[in-house]
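To start, the structure itself, in structure tokens.
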Amino acid sequence: MTPATDAYDPLAEDILRDPYPVLAELRRREPVFWHTGMESWALTRYADSVQVLRDHAAFARNPRRTGGTVPEPSLSVQTLDPPQQNRVRSLFMTALRAQDLHAIEYRARLLVRERLDSLAGTGAFDVVAKIAVPLSVAVVADLLGVEPPPYEEYAAVSDAIMRSMDGGLDPALVEPGRLARHRLSDLVDSWFTASPRPGLLAQVRQSTGPDADASARLYVKNSARVMFQGGYSTMAAAVGNAVHTLLTHPGALEQMQDPALLATGVDELVRFDGPVQGTTRTAVRACRIGGIGIEAGQKVVTLFAAANRDPAAFPSPDDLVLDRSPNRHLGYGWGPHSCIGTTVAQAGLRALVAALAEHPARLEAAGDGVRRRTATMRAFDTLPAVLLPRHR
């Protein structure tokens, strides 16, 4: 085993602020390293990360394949590996493709515009509370066809769940996360009991049918919860990161008024400072990654934040290149365990950027943002900004 490397502390203040220099040095010096805090191997290169995410036979997401257990409330599309996962994921992906994403994006753009109108001229405001949270809740609820829960109340539930993803680094986060998942499960149960509006959830429920066994219904309900929570938390984090990047790169927002740059630019914002920082797999059998021997049963963490800045995959990786193409980043994960709502998250980001670019007031920073102390998800707790009149 290679010597342990703890230079990367994902919860350290300097790394929360800017993890990329440390990750670049690790990628150069020790691209595959053992992290004692996470009790896992960590990968910093793009090719190694994609190798692990593609090879479902050798690297398991499902803990039961390597002798672990999964509590019933956590059984979902994300705790299954192909081919067992295929039926449930196909159900959700088919329903997703049937939704009118253009209409969802249009309504999201109107929401952002209304928010900006109400905030212009009022002084400094928090981008997270005033834009990221309501936009993300509204877009995911619109997709599913359910009544949006109260913004602040849901943000607190989501925050507890998000923080519990770092339970390996801080066990005290696990129980609050479990209670929050229970509250969210109750909300999802109410959606299945009531008759929801037209949307993804109604189609999934109809496709499942009354004759589905209890196990199938459980996976569908839990997957709906995962989709709502994952879609919301990922989008809210992506919105904060994207706005911060635009605030620190003068001229980028104006360039994205070009429709051709809007699509590629939104992808680049996610690559440049993405929401999901990594994911974990467990080696089913002994293997080698980057010349390092991995034992069966050992965990492997693919560090998306490092992979997305790998110069072997992305020329000029530390530059914001709005017309970057191709741009096969790992900002939402990769393959069958990537975020199901990736296309919806991108639609929400396009709506955000388009509304900001066309608004008569210009967005400027109003102080330093505060990063959320989480390792799995890179997000802001607060991000102060102000809308000022544009210079003529």
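Residue names in the structure tokens use chain letters A, B, ... in the order shown, residue numbers from 1 in each chain, and ligand numbers from 1 in the order shown.
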Considering only C-alpha atoms, return as a list in words whatever protein or nucleic-acid residues lie within 6 Å of segment 343-356 of chain A, sequence-local ones (same chain, fewer than 6 positions apart) excluded. Glu105, Ala108, Arg109, Arg113 and Met235 of chain A
Set the distance at 9 Å and use only C-alpha atoms: which residues neighbour segment 187-192 of chain A once local chain neighbours fewer than 6 positions away are removed? I'd like the list as a VMD selection string. chain A and resid 146 to 147 149 201 to 202 205 221 to 222 224 to 225 228
For N, CA and C atoms, I'd like the residues from the last selection saved as a PDB file, in the first residue's frame.
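Ended up saving to result12.pdb:
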```pdb
ATOM      1  N   VAL A 146     -45.688  18.155  -8.721  1.00  0.00           N
ATOM      2  CA  VAL A 146     -46.154  18.201  -7.337  1.00  0.00           C
ATOM      3  C   VAL A 146     -46.127  19.641  -6.855  1.00  0.00           C
ATOM      4  N   GLU A 147     -46.838  19.896  -5.767  1.00  0.00           N
ATOM      5  CA  GLU A 147     -46.841  21.219  -5.169  1.00  0.00           C
ATOM      6  C   GLU A 147     -45.499  21.460  -4.489  1.00  0.00           C
ATOM      7  N   PRO A 149     -42.833  22.291  -1.867  1.00  0.00           N
ATOM      8  CA  PRO A 149     -42.866  22.481  -0.418  1.00  0.00           C
ATOM      9  C   PRO A 149     -42.344  23.865  -0.063  1.00  0.00           C
ATOM     10  N   LEU A 201     -43.892  12.245 -11.985  1.00  0.00           N
ATOM     11  CA  LEU A 201     -44.337  11.329 -10.936  1.00  0.00           C
ATOM     12  C   LEU A 201     -45.636  10.628 -11.324  1.00  0.00           C
ATOM     13  N   ALA A 202     -46.572  11.350 -11.935  1.00  0.00           N
ATOM     14  CA  ALA A 202     -47.820  10.733 -12.362  1.00  0.00           C
ATOM     15  C   ALA A 202     -47.563   9.642 -13.391  1.00  0.00           C
ATOM     16  N   ARG A 205     -45.968   6.616 -11.642  1.00  0.00           N
ATOM     17  CA  ARG A 205     -46.966   5.874 -10.874  1.00  0.00           C
ATOM     18  C   ARG A 205     -47.871   5.074 -11.796  1.00  0.00           C
ATOM     19  N   LYS A 221     -40.885   4.564  -4.988  1.00  0.00           N
ATOM     20  CA  LYS A 221     -41.093   5.671  -4.051  1.00  0.00           C
ATOM     21  C   LYS A 221     -39.763   6.236  -3.563  1.00  0.00           C
ATOM     22  N   ASN A 222     -38.858   5.353  -3.177  1.00  0.00           N
ATOM     23  CA  ASN A 222     -37.565   5.827  -2.682  1.00  0.00           C
ATOM     24  C   ASN A 222     -36.777   6.527  -3.783  1.00  0.00           C
ATOM     25  N   ALA A 224     -38.103   8.225  -6.222  1.00  0.00           N
ATOM     26  CA  ALA A 224     -38.718   9.548  -6.375  1.00  0.00           C
ATOM     27  C   ALA A 224     -38.174  10.503  -5.323  1.00  0.00           C
ATOM     28  N   ARG A 225     -38.003   9.994  -4.107  1.00  0.00           N
ATOM     29  CA  ARG A 225     -37.426  10.838  -3.047  1.00  0.00           C
ATOM     30  C   ARG A 225     -35.995  11.225  -3.386  1.00  0.00           C
ATOM     31  N   PHE A 228     -35.994  13.869  -6.109  1.00  0.00           N
ATOM     32  CA  PHE A 228     -36.347  15.209  -5.646  1.00  0.00           C
ATOM     33  C   PHE A 228     -35.202  15.809  -4.850  1.00  0.00           C
TER      34      PHE A 228
END
```
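Proximity to Val137 of chain A was assessed for A:Thr208, A:Asn62, A:Ser233, A:Thr94 counting only C-alpha atoms; the smallest distance is recorded for A:Ser233.
For the pair atom CA of Leu53 of chain A and atom CA of Leu303 of chain A, the interatomic distance is 11.4 Å.
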Within 10 Å of segment 242-255 of chain A, counting only C-alpha atoms, which residues qualify if same-chain residues fewer than 3 places away don't, as a short mmCIF file (atom, residue, chain, number, x, y, z; two decimals) with C-alpha atoms, in the first residue's frame?
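Contents of selection_28.cif, as written:
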```cif
data_model
loop_
_atom_site.label_atom_id
_atom_site.label_comp_id
_atom_site.auth_asym_id
_atom_site.auth_seq_id
_atom_site.Cartn_x
_atom_site.Cartn_y
_atom_site.Cartn_z
CA VAL A 127 -28.15 34.48 -3.87
CA VAL A 128 -28.62 31.12 -2.14
CA ALA A 132 -30.86 29.19 -5.73
CA ALA A 236 -29.05 24.64 -5.70
CA ALA A 237 -25.33 23.99 -5.31
CA ALA A 238 -24.73 24.41 -9.05
CA VAL A 239 -26.61 27.73 -9.08
CA ASP A 258 -25.11 34.56 -27.42
CA PRO A 259 -27.46 31.51 -27.61
CA ALA A 260 -24.64 29.37 -28.99
CA LEU A 261 -22.47 30.15 -25.96
CA LEU A 262 -25.35 29.72 -23.50
CA GLY A 265 -21.19 27.91 -21.33
CA VAL A 266 -23.56 26.34 -18.82
CA GLU A 268 -18.46 24.77 -18.71
CA LEU A 269 -19.69 26.45 -15.52
CA VAL A 270 -20.44 23.00 -14.11
CA PHE A 272 -15.21 24.61 -13.82
CA ASP A 273 -16.72 24.50 -10.31
CA GLY A 274 -19.18 21.64 -10.12
CA PRO A 275 -21.60 20.73 -7.34
CA LEU A 320 -13.25 29.18 -18.05
CA VAL A 321 -13.69 28.34 -21.74
CA LEU A 322 -17.32 29.07 -22.59
CA LEU A 349 -29.03 26.79 -15.11
CA LEU A 352 -30.80 31.40 -14.58
CA VAL A 353 -28.00 32.61 -16.86
CA ALA A 354 -30.37 33.82 -19.57
CA LEU A 356 -29.33 37.35 -15.51
CA ALA A 357 -27.91 38.25 -18.92
CA GLU A 358 -31.08 39.93 -20.18
CA ARG A 362 -26.30 43.95 -13.56
CA LEU A 363 -25.30 41.49 -10.87
CA GLU A 364 -22.24 42.30 -8.75
CA ALA A 365 -20.67 40.75 -5.66
CA ALA A 366 -21.55 42.36 -2.33
CA ASP A 368 -17.36 37.20 0.24
CA GLY A 369 -19.53 34.10 0.15
CA PHE A 380 -22.42 27.99 -0.68
CA LEU A 383 -23.41 34.31 -1.39
CA PRO A 384 -24.05 38.06 -1.12
CA ALA A 385 -24.74 40.01 -4.32
#
```
List every residue of segment 40-90 of chain A that DSSP, applied to the backbone, labels as strand (DSSP E or B), and write the result as JSON, numbers by chain. {"A": [40, 41, 42, 43, 59, 60]}
Name the residues in contact with segment 161-169 of chain A at a cut-off of 9 Å, using only C-alpha atoms, excluding same-chain residues fewer than 2 positions from it; report them as a PyMOL selection string. chain A and resi 11+37-39+156-159+171-181+229-230+233+373-377
Could you dump the residues just selected with N, CA and C atoms as a JSON list (two decimals), in the first residue's frame?
```
[["chain", "number", "residue", "atom", "x", "y", "z"],
["A", 11, "LEU", "N", -12.71, 19.19, 4.32],
["A", 11, "LEU", "CA", -13.45, 20.09, 5.20],
["A", 11, "LEU", "C", -12.59, 21.23, 5.73],
["A", 37, "GLY", "N", -8.60, 9.36, 6.48],
["A", 37, "GLY", "CA", -9.86, 9.90, 7.01],
["A", 37, "GLY", "C", -11.07, 9.29, 6.34],
["A", 38, "MET", "N", -11.01, 9.12, 5.03],
["A", 38, "MET", "CA", -12.13, 8.54, 4.29],
["A", 38, "MET", "C", -12.04, 7.01, 4.24],
["A", 39, "GLU", "N", -10.91, 6.46, 4.69],
["A", 39, "GLU", "CA", -10.67, 5.02, 4.65],
["A", 39, "GLU", "C", -10.92, 4.48, 3.26],
["A", 156, "ALA", "N", -33.95, 23.27, 4.85],
["A", 156, "ALA", "CA", -33.39, 22.72, 6.09],
["A", 156, "ALA", "C", -33.34, 21.19, 6.03],
["A", 157, "VAL", "N", -34.38, 20.57, 5.51],
["A", 157, "VAL", "CA", -34.40, 19.11, 5.38],
["A", 157, "VAL", "C", -33.29, 18.66, 4.43],
["A", 158, "SER", "N", -33.20, 19.32, 3.30],
["A", 158, "SER", "CA", -32.18, 18.97, 2.32],
["A", 158, "SER", "C", -30.78, 19.14, 2.87],
["A", 159, "ASP", "N", -30.58, 20.21, 3.63],
["A", 159, "ASP", "CA", -29.26, 20.48, 4.19],
["A", 159, "ASP", "C", -28.83, 19.35, 5.12],
["A", 171, "PRO", "N", -19.38, 11.24, 12.04],
["A", 171, "PRO", "CA", -20.52, 10.36, 12.34],
["A", 171, "PRO", "C", -21.70, 11.09, 12.97],
["A", 172, "ALA", "N", -21.48, 12.26, 13.57],
["A", 172, "ALA", "CA", -22.57, 12.99, 14.21],
["A", 172, "ALA", "C", -23.60, 13.47, 13.19],
["A", 173, "LEU", "N", -23.25, 13.47, 11.92],
["A", 173, "LEU", "CA", -24.17, 13.94, 10.89],
["A", 173, "LEU", "C", -25.16, 12.88, 10.44],
["A", 174, "VAL", "N", -24.92, 11.62, 10.82],
["A", 174, "VAL", "CA", -25.71, 10.52, 10.28],
["A", 174, "VAL", "C", -27.15, 10.55, 10.78],
["A", 175, "GLU", "N", -27.36, 10.69, 12.09],
["A", 175, "GLU", "CA", -28.71, 10.62, 12.65],
["A", 175, "GLU", "C", -29.60, 11.78, 12.19],
["A", 176, "PRO", "N", -29.13, 13.04, 12.18],
["A", 176, "PRO", "CA", -29.97, 14.10, 11.64],
["A", 176, "PRO", "C", -30.35, 13.85, 10.18],
["A", 177, "GLY", "N", -29.43, 13.26, 9.43],
["A", 177, "GLY", "CA", -29.74, 12.93, 8.04],
["A", 177, "GLY", "C", -30.81, 11.86, 7.93],
["A", 178, "ARG", "N", -30.76, 10.86, 8.82],
["A", 178, "ARG", "CA", -31.76, 9.80, 8.80],
["A", 178, "ARG", "C", -33.14, 10.37, 9.10],
["A", 179, "LEU", "N", -33.23, 11.25, 10.08],
["A", 179, "LEU", "CA", -34.51, 11.86, 10.43],
["A", 179, "LEU", "C", -35.04, 12.73, 9.29],
["A", 180, "ALA", "N", -34.12, 13.43, 8.62],
["A", 180, "ALA", "CA", -34.53, 14.28, 7.50],
["A", 180, "ALA", "C", -35.05, 13.43, 6.34],
["A", 181, "ARG", "N", -34.39, 12.30, 6.08],
["A", 181, "ARG", "CA", -34.88, 11.40, 5.02],
["A", 181, "ARG", "C", -36.27, 10.88, 5.35],
["A", 229, "GLN", "N", -34.68, 15.06, -3.90],
["A", 229, "GLN", "CA", -33.60, 15.58, -3.07],
["A", 229, "GLN", "C", -32.32, 15.80, -3.87],
["A", 230, "GLY", "N", -31.96, 14.80, -4.68],
["A", 230, "GLY", "CA", -30.74, 14.93, -5.46],
["A", 230, "GLY", "C", -30.83, 16.04, -6.49],
["A", 233, "SER", "N", -30.79, 19.49, -4.42],
["A", 233, "SER", "CA", -29.51, 19.85, -3.80],
["A", 233, "SER", "C", -28.42, 20.08, -4.84],
["A", 373, "ARG", "N", -19.85, 23.71, 4.80],
["A", 373, "ARG", "CA", -18.82, 22.78, 5.27],
["A", 373, "ARG", "C", -19.25, 21.34, 4.97],
["A", 374, "THR", "N", -19.21, 21.02, 3.68],
["A", 374, "THR", "CA", -19.54, 19.68, 3.22],
["A", 374, "THR", "C", -18.49, 19.23, 2.21],
["A", 375, "ALA", "N", -18.24, 17.94, 2.19],
["A", 375, "ALA", "CA", -17.21, 17.40, 1.31],
["A", 375, "ALA", "C", -17.78, 16.83, 0.02],
["A", 376, "THR", "N", -18.90, 16.13, 0.12],
["A", 376, "THR", "CA", -19.47, 15.48, -1.06],
["A", 376, "THR", "C", -20.06, 16.49, -2.03],
["A", 377, "MET", "N", -20.70, 17.51, -1.51],
["A", 377, "MET", "CA", -21.32, 18.53, -2.34],
["A", 377, "MET", "C", -20.62, 19.86, -2.11]]
```
Which residues of segment 324-384 of chain A come within 10 Å of segment 73-87 of chain A, and for each one, what is the closest pair of atoms and their distance in Å to one decimal, counting only C-alpha atoms, sorted by chain and residue number, as a tab-separated table?
```
residue	atom	partner	partner_atom	distance
A:Pro336	CA	A:Pro82	CA	7.6
A:His337	CA	A:Gln78	CA	6.0
A:Ser338	CA	A:Gln78	CA	8.7
A:Cys339	CA	A:Gln78	CA	9.1
A:Ile340	CA	A:Gln78	CA	9.6
```
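Taking atom CA of Ala155 of chain A as the reference point, atom CA of Ala103 of chain A is found at 24.7 Å.
Take atom CA of Glu25 of chain A and atom CA of Thr302 of chain A: the distance between them is 16.1 Å.
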Among segment 151-196 of chain A, which residues does DSSP mark as alpha helix (DSSP H) when it is run on the backbone? Keep the chain and numbering as in the structure and answer as an NGL selection string. :A and (151-164 or 174-193)
Take the selection from the previous step and output its residues with N, CA and C atoms, as an mmCIF file, in the first residue's frame.
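Result saved to part.cif:
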```cif
data_model
loop_
_atom_site.group_PDB
_atom_site.id
_atom_site.type_symbol
_atom_site.label_atom_id
_atom_site.label_comp_id
_atom_site.auth_asym_id
_atom_site.auth_seq_id
_atom_site.Cartn_x
_atom_site.Cartn_y
_atom_site.Cartn_z
ATOM 1 N N TYR A 151 -40.105 26.796 0.811
ATOM 2 C CA TYR A 151 -38.687 26.877 0.477
ATOM 3 C C TYR A 151 -37.777 26.679 1.680
ATOM 4 N N GLU A 152 -37.968 27.485 2.714
ATOM 5 C CA GLU A 152 -37.053 27.445 3.860
ATOM 6 C C GLU A 152 -37.132 26.108 4.581
ATOM 7 N N GLU A 153 -38.348 25.595 4.718
ATOM 8 C CA GLU A 153 -38.526 24.309 5.414
ATOM 9 C C GLU A 153 -37.819 23.189 4.659
ATOM 10 N N TYR A 154 -38.005 23.174 3.331
ATOM 11 C CA TYR A 154 -37.367 22.111 2.570
ATOM 12 C C TYR A 154 -35.860 22.281 2.529
ATOM 13 N N ALA A 155 -35.381 23.513 2.479
ATOM 14 C CA ALA A 155 -33.936 23.749 2.458
ATOM 15 C C ALA A 155 -33.280 23.167 3.701
ATOM 16 N N ALA A 156 -33.950 23.268 4.851
ATOM 17 C CA ALA A 156 -33.392 22.717 6.085
ATOM 18 C C ALA A 156 -33.337 21.193 6.032
ATOM 19 N N VAL A 157 -34.380 20.571 5.513
ATOM 20 C CA VAL A 157 -34.399 19.111 5.381
ATOM 21 C C VAL A 157 -33.292 18.662 4.435
ATOM 22 N N SER A 158 -33.197 19.324 3.299
ATOM 23 C CA SER A 158 -32.180 18.967 2.317
ATOM 24 C C SER A 158 -30.779 19.144 2.872
ATOM 25 N N ASP A 159 -30.583 20.214 3.630
ATOM 26 C CA ASP A 159 -29.261 20.477 4.193
ATOM 27 C C ASP A 159 -28.826 19.347 5.115
ATOM 28 N N ALA A 160 -29.739 18.843 5.949
ATOM 29 C CA ALA A 160 -29.415 17.747 6.848
ATOM 30 C C ALA A 160 -29.057 16.484 6.071
ATOM 31 N N ILE A 161 -29.794 16.218 4.988
ATOM 32 C CA ILE A 161 -29.505 15.045 4.164
ATOM 33 C C ILE A 161 -28.159 15.200 3.475
ATOM 34 N N MET A 162 -27.915 16.388 2.943
ATOM 35 C CA MET A 162 -26.660 16.628 2.250
ATOM 36 C C MET A 162 -25.469 16.458 3.193
ATOM 37 N N ARG A 163 -25.579 17.014 4.385
ATOM 38 C CA ARG A 163 -24.472 16.909 5.338
ATOM 39 C C ARG A 163 -24.236 15.467 5.773
ATOM 40 N N SER A 164 -25.303 14.663 5.840
ATOM 41 C CA SER A 164 -25.145 13.276 6.268
ATOM 42 C C SER A 164 -24.361 12.452 5.258
ATOM 43 N N VAL A 174 -24.918 11.624 10.817
ATOM 44 C CA VAL A 174 -25.708 10.520 10.282
ATOM 45 C C VAL A 174 -27.153 10.555 10.779
ATOM 46 N N GLU A 175 -27.362 10.691 12.092
ATOM 47 C CA GLU A 175 -28.711 10.623 12.653
ATOM 48 C C GLU A 175 -29.598 11.778 12.186
ATOM 49 N N PRO A 176 -29.126 13.039 12.185
ATOM 50 C CA PRO A 176 -29.969 14.102 11.637
ATOM 51 C C PRO A 176 -30.349 13.850 10.180
ATOM 52 N N GLY A 177 -29.431 13.255 9.427
ATOM 53 C CA GLY A 177 -29.742 12.928 8.041
ATOM 54 C C GLY A 177 -30.808 11.861 7.930
ATOM 55 N N ARG A 178 -30.756 10.865 8.824
ATOM 56 C CA ARG A 178 -31.763 9.801 8.802
ATOM 57 C C ARG A 178 -33.142 10.370 9.099
ATOM 58 N N LEU A 179 -33.232 11.253 10.083
ATOM 59 C CA LEU A 179 -34.515 11.860 10.428
ATOM 60 C C LEU A 179 -35.039 12.732 9.286
ATOM 61 N N ALA A 180 -34.124 13.434 8.621
ATOM 62 C CA ALA A 180 -34.531 14.275 7.500
ATOM 63 C C ALA A 180 -35.047 13.428 6.337
ATOM 64 N N ARG A 181 -34.394 12.299 6.081
ATOM 65 C CA ARG A 181 -34.875 11.404 5.015
ATOM 66 C C ARG A 181 -36.268 10.876 5.351
ATOM 67 N N HIS A 182 -36.508 10.611 6.632
ATOM 68 C CA HIS A 182 -37.832 10.131 7.043
ATOM 69 C C HIS A 182 -38.887 11.201 6.769
ATOM 70 N N ARG A 183 -38.568 12.462 7.064
ATOM 71 C CA ARG A 183 -39.513 13.557 6.790
ATOM 72 C C ARG A 183 -39.768 13.685 5.294
ATOM 73 N N LEU A 184 -38.723 13.551 4.513
ATOM 74 C CA LEU A 184 -38.892 13.650 3.065
ATOM 75 C C LEU A 184 -39.679 12.466 2.534
ATOM 76 N N SER A 185 -39.474 11.288 3.117
ATOM 77 C CA SER A 185 -40.241 10.110 2.694
ATOM 78 C C SER A 185 -41.725 10.307 2.947
ATOM 79 N N ASP A 186 -42.067 10.931 4.075
ATOM 80 C CA ASP A 186 -43.476 11.217 4.366
ATOM 81 C C ASP A 186 -44.065 12.147 3.311
ATOM 82 N N LEU A 187 -43.268 13.123 2.882
ATOM 83 C CA LEU A 187 -43.732 14.044 1.855
ATOM 84 C C LEU A 187 -43.969 13.308 0.538
ATOM 85 N N VAL A 188 -43.022 12.441 0.171
ATOM 86 C CA VAL A 188 -43.165 11.676 -1.070
ATOM 87 C C VAL A 188 -44.369 10.745 -0.986
ATOM 88 N N ASP A 189 -44.592 10.121 0.176
ATOM 89 C CA ASP A 189 -45.766 9.261 0.349
ATOM 90 C C ASP A 189 -47.054 10.038 0.091
ATOM 91 N N SER A 190 -47.088 11.292 0.531
ATOM 92 C CA SER A 190 -48.296 12.100 0.313
ATOM 93 C C SER A 190 -48.493 12.369 -1.175
ATOM 94 N N TRP A 191 -47.411 12.480 -1.940
ATOM 95 C CA TRP A 191 -47.530 12.685 -3.389
ATOM 96 C C TRP A 191 -48.124 11.457 -4.065
ATOM 97 N N PHE A 192 -47.767 10.274 -3.567
ATOM 98 C CA PHE A 192 -48.274 9.048 -4.171
ATOM 99 C C PHE A 192 -49.713 8.775 -3.747
ATOM 100 N N THR A 193 -50.092 9.279 -2.575
ATOM 101 C CA THR A 193 -51.458 9.079 -2.095
ATOM 102 C C THR A 193 -52.420 10.011 -2.805
#
```
What's around Ile131 of chain A at 10 Å? Count only C-alpha atoms, leave out sequence neighbours fewer than 6 positions away in its own chain, and write the answer as an NGL selection string. :A and (111-112 or 115-116 or 119 or 125 or 236 or 239-240 or 352)
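Each of A:Val139, A:Ala312, A:Ala194, A:Met227 was compared to Met93 of chain A using only C-alpha atoms, and A:Met227 turns out to be the nearest.
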Residue contacts of Phe92 of chain A (8 Å, only C-alpha atoms) excluding same-chain residues fewer than 2 positions away, as a PyMOL selection string: chain A and resi 88-90+94-96+200+204+340
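Using only C-alpha atoms for every distance, the candidate list A:Leu218, A:Ala286, A:Ala7, A:Ala120 yields A:Ala120 as the residue closest to Arg390 of chain A.
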Neighbours of Gln298 of chain A within 10 Å (only C-alpha atoms; same-chain residues fewer than 5 positions away dropped), as an MDAnalysis selection string? chainID A and resid 39:41 59 66 281:286
